[in-house]
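Chemist: Just passing along the structure, written as C-alpha cells.
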Amino acid sequence: MAAEAGPISKVLIVIAMQKEATPLVHKFNLVEAPAHQSTFPKGAPWVWYHGSYKGLHIDLVLPGMDAVLGVDSVGTVPVAVVTSFSIQTLKPDLIINAGTAGGFKAKGASITDVFLASDVAFHDRRIPIPVGKLSTGDSLDMCPQDKELILRNDATIKDMEGAAVAYVADMFSTPAIFVKAVTDIVDGVKPTYEEFLQNLIAVTTALELAVTKVVDFISGKRISDL
Ligand code: ADE
C-alpha cells in the first residue's frame, strides 16, 4: 500500500445522505466534479466532490438520489457499489465512512454523541461472524429479531452503511475509519423515524466537527501512525 511508505495524501470520505455531506463540503471547501471530469459510469447517480485541505487531497462521494423515489440512496448496496468504484478509480490511502446512526442508551449513547467505531458487523446476515460495536443493516427501524442480533453484536450504535464500506475497503486492502453521530436512541421511547428527522440537522454539525478533528489528526501522518 502506497500510504505505508509516506504520509497519507489521499482520503476518500463516503457519506450516504446529502444533508450529512453538505457541512463537510463547505468545511473542506470541496467542489463538485463536473460530469466531463467524472469517470463515474453513465447512469450512476453518484456524486463526487473533491478538494485540498491541510495537505490532503480529499474526495467525498455519495451514492446520490434514487431516480425513482427521489430520496438519498441509503443502505448497504448503493454504498458498496460507489465505494468499490471510488476505491478503484480514486485510489485513496484511507477511507472515512461518516454518517448518522441510532444509539443504544443502555450502552451509554446520547443524541449528538459521535462515535469512532472500534469494530463493525452486519446484523441482518444470518451468518455467525465476530462481534462488532457498530452494527449495520438495511433498516432504519428495528424488529425483534434484528434487536436480538444487534445485541449479540454488542453494538453501541446501529447504522445502514458501515459494514458494507468495511467489506469493500477490506476487499481492496484499504484502511477505513467509521465516524458515526447519534440522531436517535434505538432503545428509547420515541419512534425512530421521528427522532431521526427531528435531530438530523443538529447532529450533522456534530458530525462535521468530529470528521474535521479526524482529518486534522490524519494530516501529515502515516497509516502506521494511526
Ligand atoms: N441512522 C440514523 N439512525 C439510525 C438507526 N436508528 N438505524 C440505522 N441507521 C440510522
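By order of appearance in the C-alpha cells: chains A, B, ..., then residues from 1 within every chain, and ligands from 1 in the order shown.
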Taking only C-alpha atoms and all ligand atoms into account, which residues have an atom no farther than 10 Å from ligand 1? I'd like them as a PyMOL selection string.

Modeler: chain A and resi 16+74-75+99-104+135-142+157-162+180-187+191-193+195-197+199-200+203

Chemist: For the selection just defined, write its residues with N, CA and C atoms to a file, as a tab-separated table (two decimals), in the first residue's frame.

Modeler:
chain	number	residue	atom	x	y	z
A	16	ALA	N	-23.68	8.76	3.07
A	16	ALA	CA	-24.91	8.29	2.40
A	16	ALA	C	-25.85	9.43	2.02
A	74	VAL	N	-29.80	5.45	0.55
A	74	VAL	CA	-29.16	4.94	1.77
A	74	VAL	C	-29.12	3.42	1.74
A	75	GLY	N	-28.33	2.85	2.63
A	75	GLY	CA	-28.29	1.39	2.76
A	75	GLY	C	-27.03	0.78	2.17
A	99	GLY	N	-21.31	9.42	8.99
A	99	GLY	CA	-22.76	9.43	8.87
A	99	GLY	C	-23.45	9.45	10.21
A	100	THR	N	-24.76	9.28	10.16
A	100	THR	CA	-25.53	9.25	11.39
A	100	THR	C	-25.83	7.80	11.75
A	101	ALA	N	-26.27	7.62	12.99
A	101	ALA	CA	-26.55	6.27	13.47
A	101	ALA	C	-27.56	6.35	14.59
A	102	GLY	N	-28.22	5.26	14.84
A	102	GLY	CA	-29.02	5.14	16.05
A	102	GLY	C	-28.11	4.70	17.18
A	103	GLY	N	-28.39	5.17	18.39
A	103	GLY	CA	-27.54	4.81	19.52
A	103	GLY	C	-28.32	4.08	20.59
A	104	PHE	N	-27.66	3.20	21.32
A	104	PHE	CA	-28.30	2.47	22.43
A	104	PHE	C	-27.96	3.17	23.73
A	135	SER	N	-23.18	-1.88	14.34
A	135	SER	CA	-23.92	-2.94	13.67
A	135	SER	C	-24.70	-2.35	12.50
A	136	THR	N	-24.60	-2.97	11.32
A	136	THR	CA	-25.16	-2.41	10.08
A	136	THR	C	-26.23	-3.32	9.50
A	137	GLY	N	-27.33	-2.72	9.07
A	137	GLY	CA	-28.38	-3.45	8.37
A	137	GLY	C	-29.11	-2.49	7.46
A	138	ASP	N	-30.06	-3.00	6.69
A	138	ASP	CA	-30.72	-2.15	5.70
A	138	ASP	C	-32.02	-1.53	6.18
A	139	SER	N	-32.25	-1.52	7.48
A	139	SER	CA	-33.49	-0.91	8.00
A	139	SER	C	-33.18	0.16	9.04
A	140	LEU	N	-33.96	1.24	8.98
A	140	LEU	CA	-33.83	2.29	9.99
A	140	LEU	C	-34.48	1.81	11.29
A	141	ASP	N	-35.58	1.09	11.17
A	141	ASP	CA	-36.25	0.61	12.38
A	141	ASP	C	-35.59	-0.68	12.85
A	142	MET	N	-36.16	-1.28	13.89
A	142	MET	CA	-35.53	-2.49	14.44
A	142	MET	C	-36.61	-3.48	14.87
A	157	ILE	N	-23.92	1.38	18.63
A	157	ILE	CA	-24.58	2.17	17.58
A	157	ILE	C	-24.98	1.26	16.42
A	158	LYS	N	-25.97	1.77	15.66
A	158	LYS	CA	-26.56	0.96	14.57
A	158	LYS	C	-26.71	1.87	13.36
A	159	ASP	N	-26.18	1.45	12.21
A	159	ASP	CA	-26.30	2.30	11.02
A	159	ASP	C	-26.73	1.45	9.83
A	160	MET	N	-26.62	2.06	8.62
A	160	MET	CA	-27.09	1.34	7.42
A	160	MET	C	-25.99	1.22	6.36
A	161	GLU	N	-24.75	1.60	6.67
A	161	GLU	CA	-23.70	1.56	5.65
A	161	GLU	C	-22.36	1.00	6.14
A	162	GLY	N	-22.02	1.19	7.40
A	162	GLY	CA	-20.66	0.94	7.88
A	162	GLY	C	-20.08	-0.41	7.49
A	180	LYS	N	-19.53	8.03	13.40
A	180	LYS	CA	-20.99	7.98	13.38
A	180	LYS	C	-21.58	8.83	14.50
A	181	ALA	N	-22.47	9.74	14.12
A	181	ALA	CA	-23.10	10.66	15.07
A	181	ALA	C	-24.53	10.21	15.34
A	182	VAL	N	-24.91	10.22	16.60
A	182	VAL	CA	-26.19	9.63	17.02
A	182	VAL	C	-27.35	10.61	16.83
A	183	THR	N	-28.33	10.21	16.02
A	183	THR	CA	-29.54	11.02	15.79
A	183	THR	C	-30.73	10.51	16.61
A	184	ASP	N	-30.69	9.26	17.05
A	184	ASP	CA	-31.87	8.69	17.71
A	184	ASP	C	-31.43	7.58	18.64
A	185	ILE	N	-32.25	7.40	19.69
A	185	ILE	CA	-31.94	6.38	20.69
A	185	ILE	C	-32.78	5.14	20.35
A	186	VAL	N	-32.09	4.10	19.96
A	186	VAL	CA	-32.74	2.91	19.46
A	186	VAL	C	-33.55	2.21	20.56
A	187	ASP	N	-32.99	2.22	21.77
A	187	ASP	CA	-33.69	1.57	22.89
A	187	ASP	C	-34.39	2.60	23.78
A	191	PRO	N	-40.45	7.20	18.55
A	191	PRO	CA	-40.36	6.49	17.27
A	191	PRO	C	-39.08	6.92	16.52
A	192	THR	N	-38.33	5.93	16.03
A	192	THR	CA	-37.01	6.18	15.44
A	192	THR	C	-37.07	7.23	14.32
A	193	TYR	N	-38.03	7.05	13.40
A	193	TYR	CA	-38.09	7.92	12.23
A	193	TYR	C	-38.29	9.38	12.64
A	195	GLU	N	-37.63	10.79	15.61
A	195	GLU	CA	-36.47	11.29	16.34
A	195	GLU	C	-35.30	11.55	15.38
A	196	PHE	N	-35.13	10.67	14.40
A	196	PHE	CA	-34.08	10.83	13.39
A	196	PHE	C	-34.25	12.15	12.64
A	197	LEU	N	-35.48	12.39	12.15
A	197	LEU	CA	-35.71	13.62	11.37
A	197	LEU	C	-35.60	14.87	12.24
A	199	ASN	N	-33.66	15.37	14.76
A	199	ASN	CA	-32.29	15.68	15.18
A	199	ASN	C	-31.28	15.76	14.04
A	200	LEU	N	-31.70	15.39	12.82
A	200	LEU	CA	-30.74	15.22	11.72
A	200	LEU	C	-29.85	16.45	11.50
A	203	VAL	N	-27.43	17.22	14.37
A	203	VAL	CA	-26.40	16.19	14.52
A	203	VAL	C	-25.37	16.26	13.40

Chemist: Give me, as a Markdown table, the closest atom pair and its distance (Å, one decimal) for every residue of range 86-118 of chain A within a cut-off of 10 Å of range 205-209 of chain A, counting only C-alpha atoms, rows sorted by chain and rising number.

Modeler:
| residue | atom | partner | partner_atom | distance |
| --- | --- | --- | --- | --- |
| A:Ala98 | CA | A:Leu207 | CA | 7.5 |
| A:Gly99 | CA | A:Leu207 | CA | 7.1 |
| A:Thr100 | CA | A:Leu207 | CA | 7.7 |
| A:Ile111 | CA | A:Ala206 | CA | 9.9 |
| A:Thr112 | CA | A:Ala206 | CA | 6.1 |
| A:Asp113 | CA | A:Ala206 | CA | 7.6 |
| A:Val114 | CA | A:Leu207 | CA | 6.6 |
| A:Phe115 | CA | A:Leu207 | CA | 9.4 |

Chemist: For a quick check of understanding, using only C-alpha atoms, which of A:Lys107, A:Glu32, A:Met17, A:Trp46 has the smallest distance to Val71 in chain A?

Modeler: A:Met17

Chemist: Interatomic distance between CA of Ile8 in chain A and CA of Val31 in chain A?

Modeler: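 Interatomic distance, CA of Ile8 in chain A to CA of Val31 in chain A: 21.0 Å.
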
Chemist: As a ChimeraX atom specification, which residues of range 86-208 of chain A does DSSP assign to alpha helix (DSSP H)?

Modeler: /A:86-90,144-152,162-171,192-208

Chemist: Keeping only N, CA and C atoms, take the residues you just selected and write them out as a tab-separated table (two decimals), in the first residue's frame.

Modeler:
chain	number	residue	atom	x	y	z
A	86	SER	N	-15.12	3.91	-6.37
A	86	SER	CA	-14.28	5.04	-5.96
A	86	SER	C	-12.89	4.60	-5.51
A	87	ILE	N	-12.83	3.45	-4.84
A	87	ILE	CA	-11.50	2.95	-4.43
A	87	ILE	C	-10.67	2.66	-5.67
A	88	GLN	N	-11.30	2.03	-6.65
A	88	GLN	CA	-10.54	1.61	-7.83
A	88	GLN	C	-10.10	2.80	-8.70
A	89	THR	N	-10.92	3.85	-8.75
A	89	THR	CA	-10.57	4.97	-9.64
A	89	THR	C	-9.83	6.09	-8.90
A	90	LEU	N	-10.19	6.33	-7.64
A	90	LEU	CA	-9.59	7.46	-6.92
A	90	LEU	C	-8.38	7.05	-6.09
A	144	PRO	N	-37.89	-7.25	16.33
A	144	PRO	CA	-37.36	-8.01	17.47
A	144	PRO	C	-36.17	-8.91	17.10
A	145	GLN	N	-36.23	-9.52	15.92
A	145	GLN	CA	-35.11	-10.42	15.55
A	145	GLN	C	-33.82	-9.63	15.33
A	146	ASP	N	-33.96	-8.46	14.66
A	146	ASP	CA	-32.78	-7.60	14.48
A	146	ASP	C	-32.21	-7.18	15.83
A	147	LYS	N	-33.13	-6.83	16.74
A	147	LYS	CA	-32.68	-6.37	18.07
A	147	LYS	C	-31.81	-7.43	18.73
A	148	GLU	N	-32.28	-8.69	18.65
A	148	GLU	CA	-31.52	-9.78	19.27
A	148	GLU	C	-30.12	-9.89	18.63
A	149	LEU	N	-30.08	-9.76	17.29
A	149	LEU	CA	-28.80	-9.92	16.58
A	149	LEU	C	-27.87	-8.73	16.83
A	150	ILE	N	-28.46	-7.53	16.91
A	150	ILE	CA	-27.66	-6.33	17.18
A	150	ILE	C	-27.05	-6.43	18.59
A	151	LEU	N	-27.87	-6.87	19.54
A	151	LEU	CA	-27.36	-7.02	20.91
A	151	LEU	C	-26.28	-8.09	20.96
A	152	ARG	N	-26.46	-9.14	20.15
A	152	ARG	CA	-25.44	-10.19	20.07
A	152	ARG	C	-24.13	-9.61	19.50
A	162	GLY	N	-22.02	1.19	7.40
A	162	GLY	CA	-20.66	0.94	7.88
A	162	GLY	C	-20.08	-0.41	7.49
A	163	ALA	N	-20.79	-1.48	7.75
A	163	ALA	CA	-20.24	-2.81	7.47
A	163	ALA	C	-20.07	-3.05	5.97
A	164	ALA	N	-20.92	-2.39	5.17
A	164	ALA	CA	-20.78	-2.53	3.71
A	164	ALA	C	-19.50	-1.83	3.24
A	165	VAL	N	-19.23	-0.64	3.80
A	165	VAL	CA	-17.98	0.06	3.45
A	165	VAL	C	-16.79	-0.77	3.93
A	166	ALA	N	-16.91	-1.34	5.13
A	166	ALA	CA	-15.81	-2.16	5.67
A	166	ALA	C	-15.54	-3.36	4.77
A	167	TYR	N	-16.59	-3.96	4.26
A	167	TYR	CA	-16.45	-5.14	3.40
A	167	TYR	C	-15.67	-4.79	2.13
A	168	VAL	N	-16.04	-3.66	1.50
A	168	VAL	CA	-15.39	-3.28	0.24
A	168	VAL	C	-13.96	-2.78	0.51
A	169	ALA	N	-13.80	-2.00	1.58
A	169	ALA	CA	-12.46	-1.49	1.92
A	169	ALA	C	-11.51	-2.66	2.17
A	170	ASP	N	-12.02	-3.67	2.86
A	170	ASP	CA	-11.20	-4.84	3.16
A	170	ASP	C	-10.85	-5.60	1.88
A	171	MET	N	-11.83	-5.67	0.97
A	171	MET	CA	-11.60	-6.37	-0.31
A	171	MET	C	-10.41	-5.75	-1.05
A	192	THR	N	-38.33	5.93	16.03
A	192	THR	CA	-37.01	6.18	15.44
A	192	THR	C	-37.07	7.23	14.32
A	193	TYR	N	-38.03	7.05	13.40
A	193	TYR	CA	-38.09	7.92	12.23
A	193	TYR	C	-38.29	9.38	12.64
A	194	GLU	N	-39.22	9.60	13.61
A	194	GLU	CA	-39.49	10.97	14.07
A	194	GLU	C	-38.25	11.57	14.73
A	195	GLU	N	-37.63	10.79	15.61
A	195	GLU	CA	-36.47	11.29	16.34
A	195	GLU	C	-35.30	11.55	15.38
A	196	PHE	N	-35.13	10.67	14.40
A	196	PHE	CA	-34.08	10.83	13.39
A	196	PHE	C	-34.25	12.15	12.64
A	197	LEU	N	-35.48	12.39	12.15
A	197	LEU	CA	-35.71	13.62	11.37
A	197	LEU	C	-35.60	14.87	12.24
A	198	GLN	N	-36.07	14.76	13.47
A	198	GLN	CA	-36.02	15.89	14.40
A	198	GLN	C	-34.57	16.33	14.67
A	199	ASN	N	-33.66	15.37	14.76
A	199	ASN	CA	-32.29	15.68	15.18
A	199	ASN	C	-31.28	15.76	14.04
A	200	LEU	N	-31.70	15.39	12.82
A	200	LEU	CA	-30.74	15.22	11.72
A	200	LEU	C	-29.85	16.45	11.50
A	201	ILE	N	-30.47	17.62	11.40
A	201	ILE	CA	-29.67	18.81	11.05
A	201	ILE	C	-28.68	19.16	12.17
A	202	ALA	N	-29.17	19.15	13.42
A	202	ALA	CA	-28.28	19.48	14.55
A	202	ALA	C	-27.13	18.47	14.63
A	203	VAL	N	-27.43	17.22	14.37
A	203	VAL	CA	-26.40	16.19	14.52
A	203	VAL	C	-25.37	16.26	13.40
A	204	THR	N	-25.77	16.74	12.23
A	204	THR	CA	-24.77	16.86	11.16
A	204	THR	C	-23.68	17.87	11.54
A	205	THR	N	-24.01	18.83	12.40
A	205	THR	CA	-22.99	19.78	12.87
A	205	THR	C	-21.98	19.05	13.76
A	206	ALA	N	-22.49	18.19	14.64
A	206	ALA	CA	-21.59	17.39	15.49
A	206	ALA	C	-20.72	16.48	14.63
A	207	LEU	N	-21.33	15.93	13.58
A	207	LEU	CA	-20.60	15.05	12.68
A	207	LEU	C	-19.49	15.83	11.96
A	208	GLU	N	-19.83	17.02	11.50
A	208	GLU	CA	-18.84	17.85	10.79
A	208	GLU	C	-17.64	18.14	11.70

Chemist: Mind checking DSSP for range 2-193 of chain A and telling me the strand (DSSP E or B) residues as a PyMOL selection string?

Modeler: chain A and resi 10-14+31-32+47-53+56-62+65+72+94-103+114-116+120-122+134-136+157-159+176-185

Chemist: Ranking A:Ala44, A:Ala67, A:Ile95, A:Val61 by minimum distance to Ala21 in chain A and counting only C-alpha atoms, which one comes first?

Modeler: A:Val61

Chemist: Give me the residues near Ser73 in chain A as a list in words, where near means some atom within 9 Å (using only C-alpha atoms) and where sequence neighbours in that chain fewer than 2 positions away do not count.

Modeler: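 My list of contacting residues is Ala16, Met17, Pro45, Leu62, Pro63, Gly64, Met65, Asp66, Gly70, Val71, Gly75, Val77, Pro78 and Val79 of chain A.
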
Chemist: Could you write those residues out with N, CA and C atoms, as a compact mmCIF listing (two decimals), in the first residue's frame?

Modeler:
# COMPACT_ATOMS: atom_id res chain seq x y z
N ALA A 16 -23.68 8.76 3.07
CA ALA A 16 -24.91 8.29 2.40
C ALA A 16 -25.85 9.43 2.02
N MET A 17 -25.99 10.43 2.90
CA MET A 17 -27.03 11.45 2.67
C MET A 17 -26.44 12.82 2.37
N PRO A 45 -26.05 7.47 -10.25
CA PRO A 45 -26.48 8.73 -9.63
C PRO A 45 -25.45 9.29 -8.65
N LEU A 62 -20.95 10.32 -2.66
CA LEU A 62 -22.28 9.95 -2.15
C LEU A 62 -22.93 9.00 -3.15
N PRO A 63 -23.77 8.08 -2.69
CA PRO A 63 -24.48 7.22 -3.64
C PRO A 63 -25.53 7.96 -4.45
N GLY A 64 -25.90 9.18 -4.04
CA GLY A 64 -26.79 10.03 -4.84
C GLY A 64 -28.27 9.72 -4.63
N MET A 65 -29.08 10.37 -5.48
CA MET A 65 -30.54 10.27 -5.32
C MET A 65 -31.09 9.06 -6.08
N ASP A 66 -32.00 8.36 -5.46
CA ASP A 66 -32.70 7.27 -6.15
C ASP A 66 -33.59 7.87 -7.23
N GLY A 70 -36.62 9.50 -5.51
CA GLY A 70 -36.22 10.88 -5.26
C GLY A 70 -35.69 11.12 -3.86
N VAL A 71 -35.11 10.09 -3.26
CA VAL A 71 -34.51 10.24 -1.92
C VAL A 71 -33.06 9.76 -1.99
N GLY A 75 -28.33 2.85 2.63
CA GLY A 75 -28.29 1.39 2.76
C GLY A 75 -27.03 0.78 2.17
N VAL A 77 -26.32 -1.63 -0.26
CA VAL A 77 -25.99 -1.92 -1.67
C VAL A 77 -25.47 -0.66 -2.38
N PRO A 78 -26.20 0.48 -2.32
CA PRO A 78 -25.67 1.67 -3.01
C PRO A 78 -24.29 2.10 -2.50
N VAL A 79 -24.08 2.02 -1.19
CA VAL A 79 -22.79 2.47 -0.65
C VAL A 79 -21.66 1.51 -1.05

Chemist: Pick out the closest residue to Ser173 in chain A from this set: A:Asp93, A:Glu20, A:Asp216, A:Asp124. Count only C-alpha atoms.

Modeler: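 Checking each candidate against Ser173 in chain A, we get A:Asp93 as the closest.
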
Chemist: Got a sec: who's within 12 Å of Pro92 in chain A, counting only C-alpha atoms, leaving out chain neighbours fewer than 4 positions off, as a PyMOL selection string?

Modeler: chain A and resi 1-3+8-14+56-61+83-88+96+169+172-176+223
